[in-house]
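Engineer: Data file entry.cif (mmCIF, C-alpha atoms and all ligand atoms) is appended below.
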```cif
data_input
#
loop_
_atom_site.label_atom_id
_atom_site.label_comp_id
_atom_site.auth_asym_id
_atom_site.auth_seq_id
_atom_site.Cartn_x
_atom_site.Cartn_y
_atom_site.Cartn_z
CA MET F 802 -50.86 25.67 -8.53
CA PRO F 803 -47.10 25.38 -7.70
CA ILE F 804 -44.86 24.09 -10.51
CA ASN F 805 -43.32 20.75 -9.62
CA THR F 806 -40.20 19.04 -10.99
CA ALA F 807 -38.85 15.58 -10.16
CA ALA F 808 -35.80 13.41 -10.74
CA TRP F 809 -37.58 10.49 -12.43
CA TYR F 810 -36.55 6.84 -12.43
CA ILE F 811 -37.61 5.11 -15.64
CA GLN F 812 -37.29 1.32 -15.71
CA GLY F 813 -34.35 0.24 -17.86
CA HIS F 814 -32.61 3.65 -17.59
CA PRO F 815 -29.50 3.61 -15.41
CA THR F 816 -29.74 7.31 -14.50
CA LEU F 817 -32.48 9.58 -13.15
CA GLU F 818 -34.05 12.17 -15.48
CA VAL F 819 -35.14 15.60 -14.32
CA ALA F 820 -38.51 16.56 -15.85
CA PRO F 821 -41.81 18.23 -14.90
CA ALA F 822 -44.08 16.36 -12.48
CA PRO F 823 -47.68 16.98 -11.48
CA TYR F 824 -48.30 18.87 -8.25
CA THR F 825 -50.42 16.59 -6.03
CA SER F 826 -52.58 17.96 -3.24
CA PRO F 827 -52.49 16.08 0.08
CA GLY F 828 -55.12 13.47 0.98
CA GLN F 829 -56.36 12.49 4.44
CA GLY F 830 -53.50 12.58 6.96
CA GLU F 831 -50.99 13.87 4.38
CA ILE F 832 -48.99 17.08 3.96
CA VAL F 833 -47.12 18.56 1.00
CA VAL F 834 -43.54 19.60 1.71
CA HIS F 835 -41.49 22.01 -0.42
CA THR F 836 -38.24 20.06 -0.29
CA ARG F 837 -35.14 22.08 0.63
CA ALA F 838 -32.73 19.17 1.10
CA VAL F 839 -32.76 15.46 0.29
CA ALA F 840 -30.30 12.74 1.28
CA VAL F 841 -29.15 9.70 -0.66
CA ASN F 842 -29.31 6.14 0.70
CA PRO F 843 -27.52 3.08 -0.70
CA VAL F 844 -30.84 1.71 -2.02
CA ASP F 845 -31.42 4.81 -4.20
CA GLY F 846 -28.40 3.86 -6.29
CA LEU F 847 -29.41 0.21 -6.45
CA ILE F 848 -33.08 0.47 -7.50
CA PRO F 849 -32.16 1.26 -11.14
CA HIS F 850 -30.15 -2.00 -11.13
CA ILE F 851 -32.08 -4.37 -8.86
CA GLY F 852 -35.52 -2.71 -8.84
CA ARG F 853 -37.10 -5.57 -10.79
CA PHE F 854 -36.08 -7.98 -7.99
CA ALA F 855 -36.18 -5.87 -4.85
CA TYR F 856 -39.16 -3.65 -5.82
CA PRO F 857 -41.15 -5.76 -8.32
CA TRP F 858 -44.32 -3.73 -7.62
CA LEU F 859 -42.74 -0.38 -8.50
CA LYS F 860 -44.60 1.35 -11.35
CA SER F 861 -42.38 3.15 -13.85
CA PRO F 862 -41.81 6.07 -14.06
CA ALA F 863 -41.27 6.52 -10.33
CA VAL F 864 -39.79 9.15 -8.05
CA LEU F 865 -37.24 7.65 -5.66
CA GLY F 866 -35.84 9.01 -2.41
CA PHE F 867 -36.72 8.43 1.26
CA ASP F 868 -35.08 11.40 2.99
CA LEU F 869 -36.30 14.98 2.83
CA ALA F 870 -36.50 18.17 4.84
CA GLY F 871 -38.39 21.35 3.91
CA GLU F 872 -41.42 23.53 4.57
CA VAL F 873 -45.05 22.49 4.71
CA VAL F 874 -47.01 24.20 1.91
CA GLU F 875 -50.37 22.42 2.17
CA VAL F 876 -52.06 20.18 4.74
CA GLY F 877 -54.69 17.55 4.01
CA PRO F 878 -57.91 16.78 5.88
CA GLY F 879 -57.44 15.49 9.42
CA VAL F 880 -53.89 16.85 9.82
CA ALA F 881 -53.51 18.26 13.33
CA ARG F 882 -49.75 18.38 13.99
CA PHE F 883 -48.63 20.72 11.17
CA GLN F 884 -49.49 24.03 9.59
CA VAL F 885 -48.39 25.74 6.39
CA GLY F 886 -44.91 27.21 6.92
CA ASP F 887 -43.71 24.61 9.46
CA ARG F 888 -40.18 23.31 8.99
CA VAL F 889 -40.12 19.49 8.98
CA LEU F 890 -38.15 16.38 8.13
CA ALA F 891 -40.02 13.36 6.77
CA LEU F 892 -39.65 9.79 5.62
CA ALA F 893 -40.94 9.63 2.02
CA VAL F 894 -42.53 6.27 1.23
CA GLY F 895 -43.56 6.56 -2.44
CA THR F 896 -41.69 3.39 -3.41
CA GLU F 897 -43.29 1.24 -0.70
CA LYS F 898 -45.62 -1.49 -1.94
CA ASN F 899 -48.76 -0.13 -0.28
CA ARG F 900 -48.10 3.45 -1.55
CA ASN F 901 -46.38 2.98 -4.97
CA SER F 902 -46.96 6.63 -5.78
CA PRO F 903 -44.57 9.01 -7.58
CA ALA F 904 -46.13 11.96 -5.73
CA GLU F 905 -44.61 10.53 -2.51
CA GLY F 906 -40.93 10.16 -3.50
CA ALA F 907 -38.43 12.57 -1.94
CA PHE F 908 -36.56 13.58 -5.11
CA GLN F 909 -38.94 16.33 -6.24
CA THR F 910 -39.74 19.94 -5.44
CA TYR F 911 -43.15 19.24 -3.85
CA ALA F 912 -43.48 15.86 -2.14
CA VAL F 913 -46.55 14.40 -0.46
CA VAL F 914 -45.69 12.77 2.88
CA LEU F 915 -47.67 11.13 5.66
CA GLU F 916 -48.22 13.40 8.65
CA ARG F 917 -47.33 10.49 10.95
CA LEU F 918 -43.86 10.12 9.33
CA ALA F 919 -42.92 13.80 9.70
CA CYS F 920 -41.27 15.64 12.58
CA PRO F 921 -41.04 19.39 13.29
CA LEU F 922 -37.53 20.91 13.24
CA PRO F 923 -36.02 23.24 15.81
CA ASP F 924 -35.03 26.62 14.27
CA GLU F 925 -31.31 26.01 14.63
CA LEU F 926 -31.33 22.70 12.69
CA LYS F 927 -30.56 23.28 9.01
CA TYR F 928 -32.50 21.37 6.36
CA GLU F 929 -29.26 19.74 5.15
CA GLN F 930 -28.58 18.43 8.67
CA ALA F 931 -32.13 17.18 9.16
CA ALA F 932 -32.27 15.37 5.80
CA VAL F 933 -29.70 12.78 6.96
CA LEU F 934 -32.14 11.31 9.46
CA PRO F 935 -35.37 9.80 8.12
CA LEU F 936 -34.49 6.39 6.63
CA ALA F 937 -31.41 5.73 8.77
CA LEU F 938 -33.32 6.63 11.94
CA SER F 939 -36.34 4.56 10.86
CA THR F 940 -34.17 1.55 10.05
CA ALA F 941 -32.41 1.77 13.41
CA ALA F 942 -35.76 2.12 15.20
CA CYS F 943 -37.25 -0.88 13.37
CA GLY F 944 -34.26 -3.04 14.29
CA LEU F 945 -34.25 -2.02 17.93
CA PHE F 946 -37.94 -1.69 18.80
CA GLN F 947 -40.20 -3.65 16.45
CA GLU F 948 -41.84 -6.86 17.61
CA GLY F 949 -40.06 -9.59 15.67
CA GLN F 950 -36.77 -7.62 15.74
CA LEU F 951 -34.92 -6.92 19.00
CA GLY F 952 -38.16 -5.61 20.59
CA LEU F 953 -36.27 -3.46 23.13
CA ARG F 954 -37.57 -1.02 25.71
CA HIS F 955 -38.50 2.34 24.16
CA PRO F 956 -36.35 5.51 24.32
CA SER F 957 -37.22 8.35 26.69
CA ALA F 958 -35.81 11.63 28.04
CA LEU F 959 -34.53 10.14 31.30
CA PRO F 960 -34.05 6.40 30.79
CA ASP F 961 -33.24 4.11 33.70
CA PRO F 962 -30.29 1.86 32.86
CA THR F 963 -31.51 -1.59 31.81
CA GLY F 964 -28.21 -3.24 32.78
CA GLU F 965 -28.12 -4.84 29.32
CA THR F 966 -25.85 -4.30 26.32
CA VAL F 967 -26.68 -4.03 22.62
CA LEU F 968 -24.03 -4.96 20.06
CA ILE F 969 -24.19 -2.61 17.04
CA TRP F 970 -21.92 -3.85 14.24
CA GLY F 971 -21.26 -0.78 12.07
CA GLY F 972 -21.70 2.14 14.48
CA ALA F 973 -20.37 4.75 12.03
CA THR F 974 -22.92 3.92 9.33
CA SER F 975 -25.86 6.31 9.06
CA VAL F 976 -28.12 3.63 10.52
CA GLY F 977 -25.58 2.89 13.28
CA SER F 978 -25.27 6.59 14.21
CA ASN F 979 -28.99 6.52 14.97
CA ALA F 980 -29.02 3.07 16.53
CA ILE F 981 -26.38 4.08 19.08
CA GLN F 982 -28.34 7.16 20.09
CA LEU F 983 -31.69 5.35 20.26
CA ALA F 984 -30.35 2.39 22.23
CA THR F 985 -28.64 4.63 24.80
CA ALA F 986 -31.82 6.76 25.02
CA ALA F 987 -33.62 3.53 25.90
CA GLY F 988 -31.18 2.80 28.73
CA TYR F 989 -28.92 0.22 27.05
CA ASP F 990 -25.14 0.07 27.09
CA VAL F 991 -23.76 -0.04 23.50
CA ILE F 992 -20.72 -1.87 22.17
CA THR F 993 -19.95 -1.12 18.54
CA THR F 994 -17.44 -1.42 15.69
CA ALA F 995 -15.97 1.28 13.40
CA SER F 996 -12.72 2.37 11.77
CA PRO F 997 -10.29 4.02 14.22
CA GLN F 998 -10.93 7.50 12.75
CA ASN F 999 -14.54 7.14 13.89
CA PHE F 1000 -13.87 5.90 17.44
CA GLU F 1001 -14.40 9.33 18.99
CA TYR F 1002 -17.45 9.91 16.77
CA VAL F 1003 -19.29 6.77 17.91
CA ARG F 1004 -18.33 7.40 21.54
CA SER F 1005 -19.73 10.93 21.26
CA LEU F 1006 -23.05 9.37 20.20
CA GLY F 1007 -23.11 7.21 23.31
CA ALA F 1008 -21.20 3.96 22.62
CA SER F 1009 -19.30 2.78 25.70
CA GLN F 1010 -16.76 0.65 23.79
CA VAL F 1011 -15.69 0.52 20.16
CA PHE F 1012 -13.58 -1.98 18.22
CA ASP F 1013 -11.85 -1.77 14.85
CA TYR F 1014 -13.68 -4.16 12.50
CA HIS F 1015 -10.65 -4.34 10.19
CA ARG F 1016 -8.65 -6.28 12.79
CA GLU F 1017 -8.34 -10.04 12.31
CA ASP F 1018 -9.10 -10.67 15.97
CA VAL F 1019 -12.01 -8.25 16.24
CA VAL F 1020 -14.56 -10.99 17.04
CA GLU F 1021 -12.39 -12.28 19.93
CA GLU F 1022 -11.96 -8.71 21.21
CA VAL F 1023 -15.72 -8.07 21.17
CA ILE F 1024 -16.39 -11.44 22.86
CA ARG F 1025 -13.92 -10.48 25.63
CA ALA F 1026 -15.64 -7.09 26.03
CA CYS F 1027 -19.01 -8.85 26.43
CA GLU F 1028 -17.69 -11.37 28.98
CA HIS F 1029 -19.35 -9.84 32.04
CA LYS F 1030 -22.31 -8.36 30.21
CA THR F 1031 -25.84 -9.51 29.44
CA LEU F 1032 -26.64 -8.91 25.80
CA ALA F 1033 -30.06 -7.70 24.67
CA GLY F 1034 -29.25 -8.69 21.08
CA ALA F 1035 -27.26 -7.41 18.10
CA LEU F 1036 -27.82 -5.18 15.08
CA SER F 1037 -25.85 -6.16 11.99
CA LEU F 1038 -25.56 -2.98 9.92
CA ALA F 1039 -22.69 -3.65 7.54
CA THR F 1040 -22.55 -6.02 4.58
CA GLY F 1041 -21.26 -9.39 5.74
CA SER F 1042 -21.35 -8.59 9.46
CA ALA F 1043 -24.07 -11.05 10.50
CA GLY F 1044 -21.52 -13.90 10.82
CA ALA F 1045 -19.48 -11.92 13.34
CA CYS F 1046 -22.63 -11.07 15.33
CA ILE F 1047 -23.57 -14.77 15.46
CA GLU F 1048 -20.14 -15.66 16.88
CA VAL F 1049 -20.34 -12.96 19.56
CA LEU F 1050 -23.88 -13.87 20.63
CA GLN F 1051 -23.05 -17.57 20.68
CA ALA F 1052 -20.19 -16.92 23.10
CA SER F 1053 -22.05 -14.42 25.32
CA LYS F 1054 -24.76 -14.35 27.94
CA GLY F 1055 -28.17 -12.91 27.12
CA ARG F 1056 -30.73 -12.84 24.32
CA LYS F 1057 -29.86 -14.63 21.10
CA VAL F 1058 -31.42 -12.27 18.55
CA ILE F 1059 -29.86 -10.50 15.56
CA SER F 1060 -31.59 -7.93 13.37
CA MET F 1061 -29.91 -7.37 10.02
CA ALA F 1062 -30.16 -4.23 7.89
CA SER F 1063 -27.72 -5.35 5.21
CA THR F 1064 -27.55 -8.15 2.71
CA PRO F 1065 -24.70 -10.64 3.28
CA VAL F 1066 -23.30 -9.78 -0.17
CA SER F 1067 -22.73 -6.26 -1.52
CA PHE F 1068 -24.65 -5.21 -4.63
CA GLU F 1069 -22.50 -2.10 -5.05
CA PRO F 1070 -20.59 -3.59 -8.05
CA LEU F 1071 -23.86 -3.33 -10.02
CA SER F 1072 -23.59 0.46 -10.07
CA GLN F 1073 -20.30 0.32 -12.01
CA LYS F 1074 -20.74 1.57 -15.55
CA LYS F 1075 -18.96 -1.36 -17.26
CA ARG F 1076 -20.13 -4.67 -15.90
CA SER F 1077 -20.87 -8.15 -17.15
CA PRO F 1078 -24.55 -9.00 -17.80
CA LEU F 1079 -23.89 -12.08 -15.64
CA LEU F 1080 -23.02 -9.97 -12.59
CA LEU F 1081 -26.57 -9.72 -11.23
CA PRO F 1082 -27.33 -13.49 -11.43
CA GLN F 1083 -23.89 -14.18 -9.91
CA LEU F 1084 -24.53 -11.83 -6.99
CA MET F 1085 -28.05 -13.20 -6.48
CA SER F 1086 -26.82 -16.78 -6.28
CA GLN F 1087 -23.97 -15.76 -3.95
CA MET F 1088 -26.50 -14.03 -1.75
CA LEU F 1089 -28.84 -17.04 -1.61
CA ALA F 1090 -25.96 -19.38 -0.77
CA THR F 1091 -24.49 -17.07 1.89
CA THR F 1092 -27.91 -16.46 3.46
CA ALA F 1093 -28.58 -20.20 3.67
CA LEU F 1094 -25.19 -20.80 5.34
CA LEU F 1095 -25.80 -18.00 7.82
CA GLN F 1096 -29.19 -19.40 8.72
CA VAL F 1097 -27.74 -22.83 9.40
CA LYS F 1098 -24.98 -21.28 11.54
CA ALA F 1099 -27.50 -19.17 13.48
CA ARG F 1100 -29.94 -22.04 14.02
CA ARG F 1101 -27.17 -24.30 15.32
CA ALA F 1102 -26.20 -21.58 17.79
CA GLY F 1103 -29.83 -21.11 18.90
CA ILE F 1104 -29.90 -17.57 17.48
CA ARG F 1105 -32.94 -15.99 15.82
CA THR F 1106 -32.15 -13.72 12.86
CA SER F 1107 -34.48 -11.35 11.05
CA SER F 1108 -34.15 -8.75 8.31
CA ILE F 1109 -35.08 -5.13 8.82
CA TRP F 1110 -37.18 -3.12 6.35
CA GLY F 1111 -36.62 0.50 7.37
CA ALA F 1112 -39.88 1.93 6.04
CA SER F 1113 -42.02 -0.75 7.71
CA LEU F 1114 -42.52 1.47 10.78
CA MET F 1115 -45.14 3.29 8.69
CA ASN F 1116 -47.40 0.32 9.39
CA ASP F 1117 -46.94 -0.08 13.14
CA ALA F 1118 -46.62 1.75 16.45
CA VAL F 1119 -42.85 2.36 16.01
CA GLY F 1120 -43.62 5.11 13.45
CA GLN F 1121 -45.57 7.11 16.03
CA LEU F 1122 -43.04 6.30 18.74
CA ILE F 1123 -40.24 7.88 16.68
CA PHE F 1124 -41.79 10.70 14.66
CA GLU F 1125 -44.31 11.92 17.26
CA ASP F 1126 -43.42 10.75 20.76
CA PHE F 1127 -39.61 10.75 20.80
CA LEU F 1128 -37.89 12.75 18.07
CA PRO F 1129 -39.57 16.19 18.21
CA ALA F 1130 -38.70 16.73 21.88
CA ALA F 1131 -35.32 15.02 21.61
CA LEU F 1132 -34.24 17.27 18.70
CA ALA F 1133 -35.66 20.42 20.31
CA SER F 1134 -33.82 19.76 23.58
CA GLY F 1135 -30.54 18.91 21.82
CA ARG F 1136 -30.58 15.39 23.32
CA TYR F 1137 -30.62 13.86 19.85
CA ARG F 1138 -28.04 14.68 17.19
CA ALA F 1139 -28.75 14.77 13.45
CA ALA F 1140 -25.90 12.42 12.59
CA PRO F 1141 -23.87 11.68 10.55
CA GLU F 1142 -22.79 15.07 9.18
CA PRO F 1143 -24.26 16.03 5.80
CA GLU F 1144 -21.85 16.11 2.89
CA VAL F 1145 -23.57 18.53 0.50
CA VAL F 1146 -22.47 17.46 -2.98
CA GLY F 1147 -24.80 19.58 -5.11
CA HIS F 1148 -27.60 22.07 -5.44
CA GLY F 1149 -30.78 21.38 -7.42
CA LEU F 1150 -32.53 18.24 -8.64
CA GLU F 1151 -30.08 17.95 -11.55
CA THR F 1152 -27.43 17.02 -9.01
CA VAL F 1153 -29.39 14.16 -7.39
CA GLN F 1154 -27.91 11.76 -9.95
CA LEU F 1155 -24.44 13.00 -8.99
CA GLY F 1156 -25.35 12.37 -5.35
CA VAL F 1157 -26.47 8.83 -6.14
CA GLU F 1158 -23.16 8.17 -7.91
CA THR F 1159 -21.14 9.82 -5.15
CA HIS F 1160 -22.75 7.66 -2.52
CA ARG F 1161 -20.55 4.77 -1.60
CA GLN F 1162 -19.45 2.87 1.44
CA GLY F 1163 -16.48 4.77 2.76
CA VAL F 1164 -18.12 8.21 2.95
CA SER F 1165 -16.98 7.94 6.52
CA ALA F 1166 -19.51 9.18 9.11
CA ARG F 1167 -21.00 11.56 6.53
CA LYS F 1168 -24.12 11.31 4.42
CA VAL F 1169 -24.52 12.56 0.85
CA VAL F 1170 -27.04 15.42 0.73
CA ILE F 1171 -28.39 17.63 -2.08
CA SER F 1172 -29.72 21.06 -1.22
CA LEU F 1173 -32.69 22.24 -3.34
N1 LIG F 1201 -32.96 -2.72 5.40
C1 LIG F 1201 -33.19 -1.42 5.28
O1 LIG F 1201 -34.35 -0.97 5.28
C2 LIG F 1201 -32.02 -0.50 5.15
C3 LIG F 1201 -32.19 0.89 5.20
C4 LIG F 1201 -31.05 1.70 5.14
C5 LIG F 1201 -29.80 1.11 5.01
N2 LIG F 1201 -29.70 -0.24 4.92
C6 LIG F 1201 -28.41 -0.92 4.80
O2 LIG F 1201 -27.72 -0.69 6.01
C7 LIG F 1201 -26.33 -0.58 5.75
C8 LIG F 1201 -25.85 0.76 6.28
O3 LIG F 1201 -26.46 1.78 5.48
P1 LIG F 1201 -26.07 3.29 5.73
O4 LIG F 1201 -26.80 4.16 4.79
O5 LIG F 1201 -26.20 3.53 7.18
O6 LIG F 1201 -24.53 3.21 5.32
P2 LIG F 1201 -23.43 4.33 5.22
O7 LIG F 1201 -23.83 5.51 6.04
O8 LIG F 1201 -23.12 4.55 3.79
O9 LIG F 1201 -22.22 3.58 5.92
C9 LIG F 1201 -20.90 3.87 5.60
C10 LIG F 1201 -20.03 3.35 6.72
O10 LIG F 1201 -20.12 1.92 6.80
C11 LIG F 1201 -19.07 1.50 7.66
N3 LIG F 1201 -18.72 0.13 7.34
C12 LIG F 1201 -18.45 -0.39 6.13
N4 LIG F 1201 -18.16 -1.71 6.23
C13 LIG F 1201 -18.22 -2.03 7.55
C14 LIG F 1201 -18.00 -3.21 8.30
N5 LIG F 1201 -17.65 -4.36 7.70
N6 LIG F 1201 -18.19 -3.17 9.64
C15 LIG F 1201 -18.56 -2.04 10.26
N7 LIG F 1201 -18.75 -0.86 9.60
C16 LIG F 1201 -18.60 -0.85 8.27
C17 LIG F 1201 -17.94 2.47 7.40
O11 LIG F 1201 -17.56 2.96 8.68
P3 LIG F 1201 -16.05 3.39 9.00
O12 LIG F 1201 -15.87 4.68 8.22
O13 LIG F 1201 -16.03 3.56 10.46
O14 LIG F 1201 -15.17 2.30 8.47
C18 LIG F 1201 -18.56 3.57 6.52
O15 LIG F 1201 -18.22 4.86 6.94
C19 LIG F 1201 -26.16 -0.73 4.22
O16 LIG F 1201 -25.85 -2.06 3.96
C20 LIG F 1201 -27.54 -0.38 3.69
O17 LIG F 1201 -27.81 -0.99 2.44
C21 LIG F 1201 -30.77 -1.06 5.00
#
```
Would you mind giving the structure from this file in structure tokens?

Structural biologist:
Amino acid sequence: MPINTAAWYIQGHPTLEVAPAPYTSPGQGEIVVHTRAVAVNPVDGLIPHIGRFAYPWLKSPAVLGFDLAGEVVEVGPGVARFQVGDRVLALAVGTEKNRNSPAEGAFQTYAVVLERLACPLPDELKYEQAAVLPLALSTAACGLFQEGQLGLRHPSALPDPTGETVLIWGGATSVGSNAIQLATAAGYDVITTASPQNFEYVRSLGASQVFDYHREDVVEEVIRACEHKTLAGALSLATGSAGACIEVLQASKGRKVISMASTPVSFEPLSQKKRSPLLLPQLMSQMLATTALLQVKARRAGIRTSSIWGASLMNDAVGQLIFEDFLPAALASGRYRAAPEPEVVGHGLETVQLGVETHRQGVSARKVVISL
């Protein structure tokens, strides 16, 4: 039996602890992956601080982490798409309510993942490059394609232009890097926002126009750019960007729908070592107040808003659309880029904590990755 080790989250502990973990064999429709690279998402750093509120079901100790790439070492009953030795990336869903299983977190040597949330890798794609994709890609796909979100036409190899435009606020985020590529692969024109150093980057992913979100008049600029366009909706991918999306949609022609991946208030201050015990209740009340104001503003403008839960595609057809129908061929043909670039900050599970601390907004068009 292989020897497994995990970076454990224990409720009440601010940092992850590396310790032995049981090796779990795969069940029906599951595979075990020997993880070679994992990536860090903003939520991984926040669970130790807001887990009781955001993940009240999570049993402690738990293994966190959504993003992994590695080799298949065992396949469960009913698995048809993979064999031992295959190189894959996968979305790990151990912290999701209907899984709640430490064996299924990414931050361990041997992780159990669902066959339907894994994708084969072309030989030339390194594990560190592939690991940036799973949660960011899934979140982008949920926002663009799920019923109840923008519900857009699906991506394909040779899309016909739809004649419609999607506004993606935060194109240089990891989620945005995927949203731009998916929306253009579905035949939509994309207008986005980023810092000037990322203008070329977001254009290279397929955005037709990009605006600097730091500018005071950015909303007016985006409204002008949308003047002769028909919008298919907007994705709000940066903290506090939903208000700007509401203003643009209100002033433009087309569908009045916004899907939001971010909270309106940043919880990043919670990861600071020295902080007031009142910080969490303060941020929670700020968030409730800001959300209520946004909803009033959206309703007055006739705009529907909805929040995205990136792992929810495990429960609907969007999971198969991405991990089986679209991504394998798109990666193999080079049509889809593993973006943003990985920023490898450590080697080994001991460095996952360092990765979690390194992760911050401002790691511009790069994603924190640990090689294992
Ligand atoms: N709901 C979900 O299931 C889910 C899943 C994953 C992520 N998220 C959320 O989605 C957001 C993006 O996550 P991520 O992992 O993709 O982030 P990330 O890769 O860490 O994004 C970093 C980038 O955000 C950009 N940015 C920061 N503030 C911005 C603003 N006001 N307008 C436009 N761009 C801005 C910066 O781009 P420049 O360098 O160009 O300035 C920065 O490089 C986060 O809020 C995260 O918590 C939600």

Engineer: Which residue gives the smallest distance to F:Gln982 among F:Leu953, F:Leu1071, F:Ile1059, F:Ala1140, with only C-alpha atoms counted?

Structural biologist: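 Checking each candidate against F:Gln982, we get F:Ala1140 as the closest.
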
Engineer: May I ask you to write as an MDAnalysis selection string all residues lying at most 8 Å from ligand LIG 1201 (chain F), with only C-alpha atoms and all ligand atoms counted?

Structural biologist: chainID F and resid 842:844 936:937 939:940 970:978 994:1000 1014:1015 1038:1042 1061:1064 1067 1108:1112 1141 1160:1168

Engineer: My list of candidates is F:Gly1156, F:Pro1065, F:Pro921, F:Pro903. Which is closest to F:Ala1130 when distances are computed with only C-alpha atoms?

Structural biologist: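 So, comparing all the options, the nearest one is F:Pro921.
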
Engineer: Which neighbours of F:Tyr824 fall inside 8 Å, counting only C-alpha atoms, when residues of the same chain fewer than 2 positions from it are skipped, and could you give them as a compact mmCIF listing (two decimals) with C-alpha atoms, in the coordinates of the input?

Structural biologist:
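The result, written out as selection29.txt:
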```txt
# COMPACT_ATOMS: atom_id res chain seq x y z
CA MET F 802 -50.86 25.67 -8.53
CA PRO F 803 -47.10 25.38 -7.70
CA ILE F 804 -44.86 24.09 -10.51
CA ASN F 805 -43.32 20.75 -9.62
CA ALA F 822 -44.08 16.36 -12.48
CA SER F 826 -52.58 17.96 -3.24
CA ALA F 904 -46.13 11.96 -5.73
CA TYR F 911 -43.15 19.24 -3.85
```

Engineer: At a cut-off of 9 Å, can you tabulate as CSV every residue of stretch 905-933 of chain F near stretch 875-891 of chain F together with its closest atom pair and the distance in Å to one decimal, using all atoms listed in the file and ordering rows by chain then number?

Structural biologist:
```
residue,atom,partner,partner_atom,distance
F:Ala907,CA,F:Ala891,CA,8.9
F:Val914,CA,F:Ala891,CA,6.9
F:Leu915,CA,F:Ala891,CA,8.0
F:Glu916,CA,F:Val880,CA,6.7
F:Arg917,CA,F:Arg882,CA,8.8
F:Leu918,CA,F:Ala891,CA,5.6
F:Ala919,CA,F:Ala891,CA,4.1
F:Cys920,CA,F:Val889,CA,5.4
F:Pro921,CA,F:Val889,CA,4.4
F:Leu922,CA,F:Val889,CA,5.2
F:Pro923,CA,F:Arg888,CA,8.0
F:Asp924,CA,F:Arg888,CA,8.1
F:Tyr928,CA,F:Leu890,CA,7.7
F:Ala931,CA,F:Leu890,CA,6.2
F:Ala932,CA,F:Leu890,CA,6.4
```

Engineer: Name the residues in contact with F:Ser902 at a cut-off of 9 Å, using all atoms listed in the file, excluding same-chain residues fewer than 4 positions from it; report them as number ranges by chain.

Structural biologist: F: 859-860, 863-864, 894-897, 906

Engineer: Show me, as a list in words, the residues that have an atom within 6 Å of stretch 1027-1036 of chain F when counting all atoms listed in the file, minus same-chain residues fewer than 6 positions from it.

Structural biologist: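 Selected residues are Glu965, Thr966, Val967, Leu968, Ile969, Lys1054, Gly1055, Arg1056, Lys1057, Val1058, Ile1059, Ser1060 and Met1061 of chain F.
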
Engineer: How far is it from atom CA of F:Leu1150 to atom CA of F:Leu1081, in Å with one decimal?

Structural biologist: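 Value for the atom CA of F:Leu1150-atom CA of F:Leu1081 distance: 28.7 Å.
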
Engineer: Report the distance between atom CA of F:Ala1118 and atom CA of F:Leu983 in Å, rounded to one decimal place.

Structural biologist: 15.8 Å

Engineer: Measure the distance from atom CA of F:Asn901 to atom CA of F:Ser861 in Å and round it to one decimal.

Structural biologist: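 For atom CA of F:Asn901 relative to atom CA of F:Ser861, the distance reads 9.7 Å.
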
Engineer: Which is closer to F:Thr985 than all the others in F:Val1049, F:Tyr1137, F:Val913, F:Pro862, using only C-alpha atoms?

Structural biologist: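 Closest candidate: F:Tyr1137.
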
Engineer: Between F:Pro823, F:Gly944, F:Pro1078, F:Pro849, which has the minimum distance to F:Leu1114 (counting only C-alpha atoms)?

Structural biologist: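 Once distances to F:Leu1114 are computed over only C-alpha atoms, the minimum belongs to F:Gly944.
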
Engineer: Give as number ranges by chain each residue that has an atom at most 7 Å from (-37.6, 16.8, -2.0) in the file, counting all atoms listed in the file.

Structural biologist: F: 835-839, 869, 907-912

Engineer: Taking into account all atoms listed in the file, which residue in the set F:Ile1104, F:Leu945, F:Val991, F:Ala855 is nearest to F:Met1085?

Structural biologist: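 For F:Met1085, the nearest of the given residues is F:Ala855.
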
Engineer: Would you mind telling me which residue in F:Lys927, F:Lys1074, F:Arg1138, F:His850 lies nearest to F:Ala980 when using all atoms listed in the file?

Structural biologist: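 The closest residue to F:Ala980 is F:Arg1138.
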
Engineer: In file coordinates, which residues lie within 10 Å of (-36.8, 0.3, 21.5) using only C-alpha atoms, given as a count of residues only?

Structural biologist: 27
